[in-house]
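Asker: This is the content of data-v2.cif (mmCIF, C-alpha atoms):
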data_protein
loop_
_atom_site.label_atom_id
_atom_site.label_comp_id
_atom_site.auth_asym_id
_atom_site.auth_seq_id
_atom_site.Cartn_x
_atom_site.Cartn_y
_atom_site.Cartn_z
CA MET A 1 3.93 22.35 34.08
CA ILE A 2 3.45 18.82 35.45
CA ALA A 3 5.04 15.80 33.73
CA GLN A 4 4.98 12.10 34.52
CA LYS A 5 8.15 10.00 34.23
CA SER A 6 8.27 6.44 32.92
CA SER A 7 8.64 5.31 36.55
CA GLY A 8 5.25 6.79 37.34
CA GLU A 9 6.60 9.69 39.41
CA TYR A 10 5.47 13.23 38.74
CA ILE A 11 7.73 16.23 38.41
CA GLN A 12 6.90 19.92 38.24
CA ILE A 13 8.66 22.09 35.66
CA ASN A 14 8.62 25.81 36.40
CA ALA A 15 8.87 27.61 33.06
CA GLY A 16 8.24 31.18 32.09
CA ALA A 17 6.83 30.03 28.76
CA VAL A 18 5.85 26.77 27.08
CA ILE A 19 6.17 25.89 23.39
CA LEU A 20 4.00 22.97 22.26
CA ALA A 21 5.31 20.78 19.43
CA CYS A 22 3.79 17.31 19.50
CA GLY A 23 3.53 16.38 15.80
CA GLY A 24 -0.21 16.62 15.21
CA TYR A 25 -3.12 14.23 15.77
CA ALA A 26 -2.85 11.67 12.94
CA ARG A 27 -3.36 8.74 15.33
CA ASN A 28 -6.19 10.19 17.39
CA PRO A 29 -9.58 8.96 16.06
CA GLU A 30 -11.54 11.47 18.15
CA TYR A 31 -9.67 14.45 16.70
CA LEU A 32 -9.72 12.97 13.20
CA ARG A 33 -13.50 12.75 13.43
CA GLU A 34 -13.67 16.41 14.48
CA ALA A 35 -11.50 17.23 11.46
CA GLY A 36 -14.00 15.68 9.08
CA TYR A 37 -13.13 11.98 8.83
CA TYR A 38 -16.55 10.44 9.26
CA SER A 39 -15.29 6.86 9.72
CA ALA A 40 -12.32 7.91 11.82
CA GLU A 41 -11.88 4.42 13.23
CA ASP A 42 -11.15 3.15 9.70
CA VAL A 43 -8.44 5.71 8.91
CA VAL A 44 -5.17 3.92 8.13
CA THR A 45 -2.18 5.43 9.96
CA PHE A 46 1.52 4.59 9.97
CA ILE A 47 3.91 6.54 12.16
CA PRO A 48 3.73 6.02 15.97
CA GLY A 49 2.95 9.00 18.17
CA PHE A 50 1.06 11.99 16.77
CA ASN A 51 -1.71 11.52 19.36
CA GLY A 52 -2.85 15.15 19.48
CA ASP A 53 -1.20 15.88 22.83
CA ALA A 54 -0.75 19.57 22.01
CA ILE A 55 -4.47 19.93 21.34
CA THR A 56 -5.34 18.07 24.54
CA MET A 57 -3.04 20.22 26.68
CA GLY A 58 -4.11 23.42 24.93
CA ARG A 59 -7.81 22.73 25.41
CA GLU A 60 -7.24 22.14 29.12
CA VAL A 61 -6.13 25.76 29.51
CA GLY A 62 -8.81 27.26 27.29
CA ALA A 63 -7.14 27.23 23.87
CA ASP A 64 -9.15 27.30 20.67
CA ASP A 65 -8.36 24.92 17.82
CA ILE A 66 -8.80 24.77 14.05
CA LEU A 67 -9.61 21.09 13.53
CA TYR A 68 -12.60 22.10 11.42
CA LYS A 69 -10.30 23.58 8.77
CA ALA A 70 -7.09 21.57 9.25
CA THR A 71 -5.65 19.29 6.60
CA ALA A 72 -3.27 16.34 6.30
CA LEU A 73 -0.92 14.33 4.14
CA GLN A 74 -3.63 11.92 3.09
CA GLN A 75 -4.69 9.40 0.45
CA PRO A 76 -7.32 6.73 -0.21
CA THR A 77 -6.03 3.22 0.52
CA VAL A 78 -7.21 -0.32 1.18
CA THR A 79 -7.55 -1.81 4.65
CA GLY A 80 -4.87 -4.40 5.35
CA ALA A 81 -3.26 -4.07 1.94
CA PRO A 82 0.08 -5.87 1.81
CA GLY A 83 2.69 -3.14 1.93
CA GLY A 84 -0.06 -0.61 2.49
CA GLU A 85 2.42 2.21 3.05
CA TYR A 86 3.36 2.12 -0.62
CA GLY A 87 -0.23 2.04 -1.73
CA THR A 88 -0.89 5.15 0.26
CA PHE A 89 2.11 7.38 -0.26
CA GLY A 90 3.65 6.24 -3.48
CA ASN A 91 2.43 3.30 -5.36
CA GLY A 92 1.16 0.00 -4.65
CA ASN A 93 0.82 -3.60 -5.29
CA ALA A 94 -1.95 -4.88 -7.53
CA LEU A 95 -4.64 -4.44 -4.90
CA VAL A 96 -4.02 -0.76 -4.20
CA VAL A 97 -3.26 0.32 -7.76
CA SER A 98 -6.39 -1.38 -9.05
CA SER A 99 -8.57 0.19 -6.37
CA ARG A 100 -7.90 3.87 -6.98
CA SER A 101 -7.19 4.28 -10.65
CA ALA A 102 -8.76 6.89 -12.90
CA ASN A 103 -10.85 4.46 -14.96
CA ASN A 104 -12.66 3.08 -11.91
CA LEU A 105 -16.08 4.07 -10.62
CA TRP A 106 -16.42 5.51 -7.11
CA VAL A 107 -19.66 5.38 -5.14
CA ASN A 108 -20.58 6.54 -1.66
CA GLU A 109 -22.18 4.61 1.20
CA THR A 110 -25.54 4.30 -0.56
CA GLY A 111 -24.20 3.41 -4.00
CA GLU A 112 -24.29 6.83 -5.68
CA ARG A 113 -21.44 8.21 -7.80
CA PHE A 114 -20.15 11.58 -6.52
CA CYS A 115 -17.12 12.83 -8.50
CA ASP A 116 -14.68 12.54 -11.39
CA GLU A 117 -12.46 9.67 -10.28
CA ASN A 118 -9.44 11.40 -11.80
CA SER A 119 -9.64 14.29 -9.35
CA GLY A 120 -6.03 13.80 -8.28
CA ALA A 121 -4.45 14.16 -11.71
CA GLU A 122 -2.65 17.40 -10.85
CA ASN A 123 -2.13 16.79 -7.14
CA TRP A 124 -2.31 13.22 -5.88
CA MET A 125 -3.52 14.26 -2.43
CA ALA A 126 -6.59 15.81 -4.03
CA LEU A 127 -7.91 12.28 -4.57
CA ILE A 128 -9.17 12.21 -1.01
CA ILE A 129 -11.01 15.56 -1.01
CA PRO A 130 -14.28 14.44 -2.65
CA GLN A 131 -14.31 11.25 -0.58
CA LEU A 132 -14.28 13.15 2.71
CA LEU A 133 -17.69 14.65 1.90
CA HIS A 134 -19.25 11.20 2.30
CA LYS A 135 -19.40 8.51 4.95
CA LYS A 136 -17.74 5.85 2.83
CA CYS A 137 -16.17 5.40 -0.58
CA TYR A 138 -16.13 2.20 -2.64
CA SER A 139 -14.19 1.58 -5.84
CA ILE A 140 -15.68 -0.55 -8.63
CA TYR A 141 -13.88 -2.00 -11.66
CA ASP A 142 -13.75 -5.07 -13.87
CA ARG A 143 -10.93 -7.40 -14.88
CA LYS A 144 -10.07 -5.39 -17.95
CA ALA A 145 -9.72 -2.18 -15.94
CA PHE A 146 -7.57 -4.01 -13.40
CA GLU A 147 -5.19 -5.37 -16.02
CA THR A 148 -5.00 -2.00 -17.76
CA ASN A 149 -4.07 -0.31 -14.50
CA PHE A 150 -1.72 -2.94 -13.15
CA TYR A 151 0.21 -3.36 -16.38
CA GLY A 152 0.81 0.34 -16.91
CA GLY A 153 -2.50 1.86 -17.92
CA PRO A 154 -3.98 5.30 -17.17
CA THR A 155 -3.25 5.45 -13.45
CA ALA A 156 -2.03 8.50 -11.57
CA TYR A 157 0.94 6.59 -10.22
CA ASP A 158 4.04 4.77 -11.43
CA ARG A 159 4.62 1.13 -10.54
CA THR A 160 6.72 0.12 -7.57
CA THR A 161 10.24 -1.10 -8.16
CA SER A 162 10.98 -4.79 -8.50
CA TRP A 163 12.63 -5.14 -5.10
CA GLN A 164 9.40 -4.11 -3.39
CA TYR A 165 6.97 -6.26 -5.32
CA ASP A 166 7.19 -8.78 -8.10
CA ASP A 167 4.15 -9.21 -10.32
CA GLU A 168 3.53 -12.81 -9.36
CA LYS A 169 3.49 -12.20 -5.61
CA SER A 170 1.45 -9.04 -6.01
CA LEU A 171 -1.17 -10.82 -8.08
CA GLU A 172 -1.37 -13.61 -5.51
CA GLN A 173 -2.02 -11.05 -2.78
CA PHE A 174 -4.68 -9.39 -4.92
CA GLU A 175 -6.58 -12.63 -5.56
CA ALA A 176 -6.25 -13.75 -1.94
CA HIS A 177 -7.69 -10.51 -0.59
CA TYR A 178 -10.90 -10.93 -2.58
CA ALA A 179 -11.12 -14.68 -2.04
CA ASP A 180 -10.60 -14.62 1.73
CA ASN A 181 -12.23 -11.23 2.42
CA GLU A 182 -10.83 -11.31 5.95
CA ALA A 183 -11.21 -7.55 6.22
CA LYS A 184 -14.88 -7.77 5.18
CA ASP A 185 -14.24 -4.89 2.79
CA CYS A 186 -14.81 -6.29 -0.70
CA VAL A 187 -16.98 -8.38 -3.03
CA VAL A 188 -16.28 -10.03 -6.38
CA ALA A 189 -18.85 -11.43 -8.82
CA ASP A 190 -19.27 -12.74 -12.35
CA SER A 191 -22.07 -10.31 -13.23
CA LEU A 192 -22.93 -6.75 -12.29
CA GLU A 193 -26.29 -7.86 -10.90
CA GLU A 194 -24.56 -10.37 -8.63
CA LEU A 195 -22.01 -7.74 -7.58
CA CYS A 196 -24.79 -5.36 -6.49
CA GLU A 197 -26.63 -8.11 -4.63
CA LYS A 198 -23.48 -9.13 -2.74
CA ALA A 199 -22.57 -5.53 -2.01
CA ALA A 200 -25.98 -4.82 -0.45
CA LYS A 201 -25.50 -7.80 1.86
CA GLN A 202 -21.87 -6.99 2.67
CA PHE A 203 -22.15 -3.22 3.23
CA GLU A 204 -24.89 -1.94 5.52
CA GLU A 205 -26.03 1.23 3.75
CA ILE A 206 -25.59 0.19 0.12
CA ASP A 207 -28.88 0.14 -1.78
CA GLU A 208 -28.83 -2.71 -4.33
CA ASP A 209 -31.12 -1.04 -6.88
CA ARG A 210 -29.41 2.34 -6.64
CA LEU A 211 -25.97 0.75 -7.06
CA LEU A 212 -27.04 -1.18 -10.16
CA GLU A 213 -28.64 1.96 -11.59
CA THR A 214 -25.40 3.90 -10.95
CA ILE A 215 -23.24 1.30 -12.70
CA THR A 216 -25.67 0.95 -15.61
CA HIS A 217 -25.78 4.73 -16.14
CA TYR A 218 -21.99 4.93 -15.91
CA ASN A 219 -21.59 2.20 -18.52
CA GLU A 220 -23.96 4.06 -20.84
CA MET A 221 -21.81 7.19 -20.56
CA CYS A 222 -18.68 5.13 -21.19
CA ARG A 223 -20.16 3.80 -24.43
CA THR A 224 -20.76 7.35 -25.64
CA GLY A 225 -17.38 8.52 -24.33
CA SER A 226 -18.91 11.48 -22.52
CA ASP A 227 -19.21 11.89 -18.74
CA THR A 228 -22.24 14.18 -18.62
CA ASP A 229 -22.32 14.04 -14.81
CA PHE A 230 -18.82 15.08 -13.75
CA GLY A 231 -16.82 15.62 -16.94
CA LYS A 232 -14.21 12.90 -16.56
CA ALA A 233 -11.87 12.75 -19.56
CA ALA A 234 -13.02 10.34 -22.27
CA GLU A 235 -9.76 8.37 -22.13
CA PHE A 236 -10.72 7.17 -18.63
CA MET A 237 -14.32 6.26 -19.49
CA GLN A 238 -13.99 2.49 -19.81
CA GLU A 239 -17.16 0.37 -19.77
CA PHE A 240 -17.28 -2.47 -17.26
CA ALA A 241 -18.00 -5.54 -19.36
CA ALA A 242 -15.20 -8.03 -18.58
CA PRO A 243 -15.87 -10.24 -15.55
CA PRO A 244 -15.04 -10.76 -12.81
CA PHE A 245 -16.29 -7.49 -11.35
CA TYR A 246 -14.77 -6.03 -8.18
CA MET A 247 -15.93 -3.63 -5.46
CA ILE A 248 -13.82 -2.61 -2.45
CA TYR A 249 -13.97 -0.15 0.42
CA THR A 250 -11.25 2.54 0.16
CA PRO A 251 -10.88 4.32 3.53
CA PRO A 252 -8.67 7.39 4.00
CA SER A 253 -5.10 7.08 5.18
CA VAL A 254 -3.25 9.81 7.04
CA MET A 255 0.50 10.18 7.36
CA VAL A 256 0.61 13.46 9.31
CA THR A 257 -1.82 16.29 10.04
CA TYR A 258 -1.34 20.04 9.59
CA GLY A 259 -3.06 22.50 11.88
CA GLY A 260 -4.30 22.04 15.42
CA LEU A 261 -4.27 24.92 17.88
CA ALA A 262 -5.32 28.40 16.86
CA ASN A 263 -2.32 30.73 16.81
CA ASP A 264 -1.33 34.19 15.62
CA ARG A 265 1.66 35.33 13.57
CA HIS A 266 3.82 35.31 16.72
CA PHE A 267 2.81 31.65 17.17
CA ARG A 268 1.05 32.46 20.42
CA VAL A 269 -1.80 30.08 21.23
CA LEU A 270 -5.19 31.81 21.13
CA ASP A 271 -8.28 31.30 23.26
CA LYS A 272 -11.82 31.09 21.90
CA LYS A 273 -12.04 34.89 21.70
CA ARG A 274 -8.82 34.91 19.67
CA ASN A 275 -6.83 36.48 22.50
CA PRO A 276 -3.32 35.12 23.20
CA ILE A 277 -2.81 32.86 26.20
CA ASN A 278 0.15 34.37 28.01
CA GLY A 279 3.29 32.28 27.84
CA LEU A 280 1.88 29.53 25.58
CA TYR A 281 3.15 28.97 22.03
CA VAL A 282 2.69 26.29 19.38
CA VAL A 283 4.83 25.29 16.38
CA GLY A 284 5.21 22.59 13.76
CA ASN A 285 2.30 20.44 12.64
CA ASP A 286 0.30 21.63 15.64
CA SER A 287 0.27 25.21 14.34
CA CYS A 288 -0.11 25.81 10.58
CA ASP A 289 -2.95 28.25 11.25
CA LEU A 290 -1.29 30.58 8.76
CA TRP A 291 -2.22 28.31 5.82
CA PRO A 292 -4.96 25.83 6.79
CA ASN A 293 -7.45 23.84 4.68
CA ILE A 294 -5.06 22.47 2.06
CA TYR A 295 -1.56 21.08 2.11
CA THR A 296 -0.22 20.83 -1.41
CA ILE A 297 2.79 18.82 -2.47
CA ASN A 298 3.17 21.28 -5.35
CA VAL A 299 4.62 23.89 -2.96
CA GLN A 300 8.14 22.69 -2.31
CA CYS A 301 9.43 22.97 1.27
CA GLY A 302 6.11 24.48 2.39
CA THR A 303 5.97 22.47 5.60
CA SER A 304 9.65 22.96 6.42
CA ALA A 305 9.34 26.71 5.93
CA ASN A 306 6.43 26.88 8.36
CA HIS A 307 8.25 24.78 10.95
CA ILE A 308 11.57 26.63 10.72
CA TYR A 309 9.97 30.06 10.77
CA GLY A 310 7.49 29.02 13.47
CA GLY A 311 10.18 27.59 15.73
CA ARG A 312 12.34 30.68 15.48
CA THR A 313 9.45 33.08 15.89
CA ALA A 314 7.94 31.24 18.84
CA ALA A 315 11.31 31.08 20.61
CA LYS A 316 11.89 34.80 20.07
CA SER A 317 8.34 35.63 21.19
CA ALA A 318 8.73 33.48 24.29
CA ALA A 319 12.07 35.08 25.14
CA ASP A 320 10.57 38.54 24.75
CA TYR A 321 7.65 37.54 26.99
CA ILE A 322 9.89 36.10 29.71
CA GLY A 323 12.53 38.79 29.46
CA THR A 324 16.26 38.15 29.18
CA PRO A 325 17.15 35.79 32.03
CA SER A 326 19.90 36.94 34.33
CA GLY A 327 22.39 34.86 36.21
CA LYS A 328 23.46 31.30 35.60
CA ILE A 329 21.20 28.57 34.24
CA THR A 330 21.02 25.73 36.75
CA THR A 331 19.12 22.49 37.15
CA GLU A 332 17.62 21.46 40.44
CA GLY A 333 15.63 18.54 41.67
CA ASP A 334 15.13 15.38 39.60
CA CYS A 335 17.74 15.18 36.83
CA THR A 336 17.43 11.46 36.11
CA PRO A 337 19.22 10.63 32.82
CA CYS A 338 17.18 9.63 29.80
CA GLU A 339 16.40 5.93 29.64
CA VAL A 340 17.69 3.96 26.65
CA VAL A 341 14.72 1.85 25.59
CA TYR A 342 16.40 -0.10 22.79
CA GLU A 343 19.96 -0.99 21.85
CA TYR A 344 21.02 -3.49 19.20
CA GLU A 345 23.39 -6.22 20.37
CA MET A 346 26.07 -6.38 17.69
CA PRO A 347 27.18 -9.91 16.70
CA SER A 348 30.50 -10.90 18.26
CA SER A 349 31.78 -11.92 14.83
CA LEU A 350 30.66 -11.52 11.22
CA LYS A 351 31.03 -13.83 8.22
CA ASP A 352 32.43 -12.35 5.04
CA GLY A 353 29.91 -11.78 2.29
CA THR A 354 27.19 -9.43 1.07
CA TYR A 355 23.87 -9.50 2.89
CA THR A 356 20.57 -7.77 2.09
CA SER A 357 17.80 -7.31 4.63
CA SER A 358 15.11 -9.93 4.18
CA ASP A 359 12.35 -7.36 4.52
CA SER A 360 11.84 -3.63 4.01
CA TYR A 361 11.46 -1.44 7.09
CA MET A 362 9.21 1.59 7.29
CA GLY A 363 10.96 4.94 7.06
CA MET A 364 9.13 8.24 6.73
CA PHE A 365 7.23 7.55 3.52
CA GLY A 366 7.96 3.93 2.59
CA GLY A 367 10.05 0.82 3.05
CA ILE A 368 13.85 0.75 3.19
CA ARG A 369 16.19 -2.17 2.51
CA ALA A 370 19.87 -2.31 3.40
CA THR A 371 22.76 -4.25 1.87
CA VAL A 372 25.83 -4.80 4.06
CA THR A 373 29.23 -5.99 2.81
CA VAL A 374 31.56 -7.74 5.28
CA LYS A 375 35.24 -8.37 4.53
CA ASP A 376 37.81 -9.83 6.93
CA GLY A 377 35.10 -9.79 9.58
CA LYS A 378 34.56 -6.02 9.29
CA ILE A 379 31.71 -3.99 7.81
CA THR A 380 33.21 -2.34 4.73
CA GLU A 381 30.17 -0.95 2.90
CA ILE A 382 26.48 -0.31 3.48
CA THR A 383 23.96 0.79 0.88
CA GLY A 384 20.29 1.58 1.29
CA GLU A 385 17.53 1.14 -1.26
CA HIS A 386 14.26 3.04 -1.01
CA GLU A 387 11.57 4.47 -3.23
CA MET A 388 9.75 7.12 -1.25
CA GLU A 389 12.23 8.77 1.13
CA THR A 390 12.96 12.38 0.19
CA PRO A 391 16.37 12.31 -1.57
CA TYR A 392 17.67 15.51 0.02
CA VAL A 393 16.53 14.51 3.54
CA GLY A 394 16.09 10.75 3.88
CA GLY A 395 18.65 10.03 1.18
CA TYR A 396 21.30 12.12 2.94
CA ALA A 397 20.42 10.46 6.26
CA ILE A 398 20.98 6.98 4.80
CA ARG A 399 24.31 8.11 3.34
CA ASP A 400 25.52 9.63 6.61
CA LEU A 401 24.32 6.71 8.73
CA SER A 402 26.08 4.23 6.44
CA ALA A 403 29.37 6.06 6.93
CA ALA A 404 28.85 6.33 10.69
CA ILE A 405 28.08 2.63 11.12
CA VAL A 406 31.11 1.58 9.04
CA GLU A 407 33.35 3.87 11.09
CA ALA A 408 31.98 2.68 14.44
CA GLN A 409 31.51 -0.95 13.36
CA ASP A 410 28.29 -0.67 15.31
CA VAL A 411 24.66 0.06 14.43
CA ASN A 412 24.11 1.95 17.67
CA VAL A 413 24.95 5.38 16.29
CA ASP A 414 23.04 8.64 16.59
CA THR A 415 20.09 9.08 14.25
CA VAL A 416 20.09 12.03 11.86
CA ALA A 417 18.18 15.04 13.18
CA GLY A 418 15.24 15.88 10.94
CA ALA A 419 15.14 12.37 9.52
CA THR A 420 14.38 10.24 12.57
CA ALA A 421 11.84 7.95 10.91
CA THR A 422 14.16 7.29 7.96
CA SER A 423 17.09 6.71 10.33
CA CYS A 424 15.19 4.17 12.42
CA GLY A 425 13.91 2.28 9.38
CA PHE A 426 17.36 2.14 7.82
CA CYS A 427 19.07 0.99 11.03
CA LEU A 428 16.52 -1.80 11.45
CA ALA A 429 17.21 -2.91 7.89
CA VAL A 430 20.97 -2.93 8.64
CA GLU A 431 20.33 -5.00 11.77
CA ASP A 432 18.35 -7.49 9.67
CA ALA A 433 21.25 -7.82 7.23
CA LEU A 434 23.81 -8.20 10.02
CA GLY A 435 21.70 -10.93 11.57
CA GLN A 436 22.41 -13.00 8.45
CA ALA A 437 26.16 -12.39 8.83
CA LYS A 438 26.47 -13.77 12.37
#
Have the structure of the file written as structure tokens, please.
Answerer:
Amino acid sequence: MIAQKSSGEYIQINAGAVILACGGYARNPEYLREAGYYSAEDVVTFIPGFNGDAITMGREVGADDILYKATALQQPTVTGAPGGEYGTFGNGNALVVSSRSANNLWVNETGERFCDENSGAENWMALIIPQLLHKKCYSIYDRKAFETNFYGGPTAYDRTTSWQYDDEKSLEQFEAHYADNEAKDCVVADSLEELCEKAAKQFEEIDEDRLLETITHYNEMCRTGSDTDFGKAAEFMQEFAAPPFYMIYTPPSVMVTYGGLANDRHFRVLDKKRNPINGLYVVGNDSCDLWPNIYTINVQCGTSANHIYGGRTAAKSAADYIGTPSGKITTEGDCTPCEVVYEYEMPSSLKDGTYTSSDSYMGMFGGIRATVTVKDGKITEITGEHEMETPYVGGYAIRDLSAAIVEAQDVNVDTVAGATATSCGFCLAVEDALGQAK
């Protein structure tokens, strides 16, 4: 195996077996397109890395892949939405909540309705499934629908907590997005006819007459309370009659992908004839060939189970393939230590007081804020506030990191294994708070 160091030098690693675990392809537009995202360049992503390196390396040695039936942690969102991470994997500000609520109307790239807009009622990731069958998806609603959704109406999501968004700021962001239209993704009008006219000019494939016909027909069904096309529940059939009227492009967002290289139950990578490639294994998000097509949040610990079992099985399979090594394990050649790419410079002194980070920092699923208490120039307490981190993973990581930082009186402590993204977001929030205590 050949690897390139940060210095540009190449090293050769002689291994009896290789296990690929690169985290999936969530930030690789080419692979996303192969996996069914028509407008892959518009997919909103969050976490760095996940470039599909396992697929790239596997293909180079003849491996088959399952991109055509892979799935992802995915949601509809809005391009450039303030705090877009909440709008995608949790809840959002006014812009995101208003754009994907059950009483909206969804149309495809030509202006035709294609599904019950409440398709994610039982599983919020299911919202994206009908959208992926089309090139584009646009959400249409009026002011009444917006206010119903934003102030606690029939949406599939709870509101964000007050420390993330206050109503006034969120409403300002909502109005500004439509007024400025910097992303070129929305139109707003005082009549439905004007909305359709603007949409046809703004969006290349939208047919003005078809769009108006779609909205008119939808309003007629709303008045009767019966969705004869797709069977949406009557409680969500709300006629659009209160201007202004809104229309916005809602592209997919992807947190992580599941499934990449074809593998068997021993987690051996398979070639295009479904024969194992000797000495090559795949685990984690790059495997998942045992349960492709759908990742459901209703199956608790499903991903973790796959990863734990896959890691153990692949390691055992690789050891069996290599045979029990004899003698002493040694290292030869280039053993350059790992390079520390970032280290926080702790303030030389701290003012007493309680300080909260001025911004939230992205963890695994959402923003994290930190509050640091300083007494007699020492850090005495740290608390973290978050909405979306998993309590029994991210929550524990924040607890353990708080204790470690207080003990060391330094932010430069080890991250928590299995919660790296949460750890990094929390430590950045602590650094922000400490910056105020200099």
Asker: Pull out every residue that the PyMOL selection byres ((chain A and resi 434) around 9) matches in the shown coordinates and put them as a ChimeraX atom specification.
Answerer: /A:346-347,350,355-357,372,429-433,435-438
Asker: Enumerate, as a PDB file with C-alpha atoms, in the frame of the given file, the residues matched when the PyMOL selection byres ((chain A and resi 30-41) around 10) is run on the file above.
Answerer:
ATOM      1  CA  GLY A  24      -0.210  16.620  15.210  1.00  0.00           C
ATOM      2  CA  TYR A  25      -3.120  14.230  15.770  1.00  0.00           C
ATOM      3  CA  ALA A  26      -2.850  11.670  12.940  1.00  0.00           C
ATOM      4  CA  ARG A  27      -3.360   8.740  15.330  1.00  0.00           C
ATOM      5  CA  ASN A  28      -6.190  10.190  17.390  1.00  0.00           C
ATOM      6  CA  PRO A  29      -9.580   8.960  16.060  1.00  0.00           C
ATOM      7  CA  ASP A  42     -11.150   3.150   9.700  1.00  0.00           C
ATOM      8  CA  VAL A  43      -8.440   5.710   8.910  1.00  0.00           C
ATOM      9  CA  VAL A  44      -5.170   3.920   8.130  1.00  0.00           C
ATOM     10  CA  ASN A  51      -1.710  11.520  19.360  1.00  0.00           C
ATOM     11  CA  GLY A  52      -2.850  15.150  19.480  1.00  0.00           C
ATOM     12  CA  ILE A  55      -4.470  19.930  21.340  1.00  0.00           C
ATOM     13  CA  THR A  56      -5.340  18.070  24.540  1.00  0.00           C
ATOM     14  CA  ILE A  66      -8.800  24.770  14.050  1.00  0.00           C
ATOM     15  CA  LEU A  67      -9.610  21.090  13.530  1.00  0.00           C
ATOM     16  CA  TYR A  68     -12.600  22.100  11.420  1.00  0.00           C
ATOM     17  CA  LYS A  69     -10.300  23.580   8.770  1.00  0.00           C
ATOM     18  CA  ALA A  70      -7.090  21.570   9.250  1.00  0.00           C
ATOM     19  CA  THR A  71      -5.650  19.290   6.600  1.00  0.00           C
ATOM     20  CA  ALA A  72      -3.270  16.340   6.300  1.00  0.00           C
ATOM     21  CA  GLN A 131     -14.310  11.250  -0.580  1.00  0.00           C
ATOM     22  CA  LEU A 132     -14.280  13.150   2.710  1.00  0.00           C
ATOM     23  CA  LEU A 133     -17.690  14.650   1.900  1.00  0.00           C
ATOM     24  CA  HIS A 134     -19.250  11.200   2.300  1.00  0.00           C
ATOM     25  CA  LYS A 135     -19.400   8.510   4.950  1.00  0.00           C
ATOM     26  CA  LYS A 136     -17.740   5.850   2.830  1.00  0.00           C
ATOM     27  CA  PRO A 251     -10.880   4.320   3.530  1.00  0.00           C
ATOM     28  CA  PRO A 252      -8.670   7.390   4.000  1.00  0.00           C
ATOM     29  CA  SER A 253      -5.100   7.080   5.180  1.00  0.00           C
ATOM     30  CA  VAL A 254      -3.250   9.810   7.040  1.00  0.00           C
ATOM     31  CA  THR A 257      -1.820  16.290  10.040  1.00  0.00           C
ATOM     32  CA  GLY A 259      -3.060  22.500  11.880  1.00  0.00           C
ATOM     33  CA  GLY A 260      -4.300  22.040  15.420  1.00  0.00           C
TER      34      GLY A 260
END
Asker: Would you list the contacts of A:Val187 as a ChimeraX atom specification, taking every protein, DNA or RNA residue within 12 Å and counting all atoms listed in the file, but skipping same-chain residues closer than 4 positions in sequence?
Answerer: /A:138-142,175,177-183,191-192,194-203,244-249
Asker: Could you spell out the hits of the PyMOL selection byres ((chain A and resi 402) around 12) on the shown file, as number ranges by chain?
Answerer: A: 370-373, 379-385, 395-401, 403-416, 423, 426-427, 429-430
Asker: Write out as an NGL selection string each polymer residue whose atoms come within 6 Å of stretch 218-226 of chain A, counting only C-alpha atoms; drop sequence neighbours fewer than 3 positions from it.
Answerer: :A and (215 or 234 or 237-239)
Asker: In Å, how far is it from atom CA of A:Ile19 to atom CA of A:Val282?
Answerer: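 Calculated distance between atom CA of A:Ile19 and atom CA of A:Val282 is 5.3 Å.
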Asker: What's the separation between atom CA of A:Val96 and atom CA of A:Tyr151, in Å to one decimal place?
Answerer: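 Taking atom CA of A:Val96 and atom CA of A:Tyr151, their separation equals 13.2 Å.
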Asker: Which of these residues is nearest to A:Phe146, using only C-alpha atoms: A:Phe240, A:Thr228, A:Arg274, A:Glu205?
Answerer: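 Looking at the shortest contact to A:Phe146, the residue is A:Phe240.
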Asker: Report the distance between atom CA of A:Asn104 and atom CA of A:Glu389 in Å, rounded to one decimal place.
Answerer: 28.7 Å
Asker: So that I can see what lies close to A:Lys232, please list as a list of chain:residue names the residues with an atom at most 8 Å from it, counting only C-alpha atoms and leaving out residues fewer than 4 positions away in the same chain.
Answerer: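 Final neighbour list, sorted by chain and number: A:Asp116, A:Glu117, A:Asn118, A:Ser226, A:Asp227, A:Phe236, A:Met237.
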Asker: Could you tell me which of A:Gly363, A:Pro76, A:Pro243, A:Gly323 comes closest to A:Ser101 if we count all atoms listed in the file?
Answerer: A:Pro76
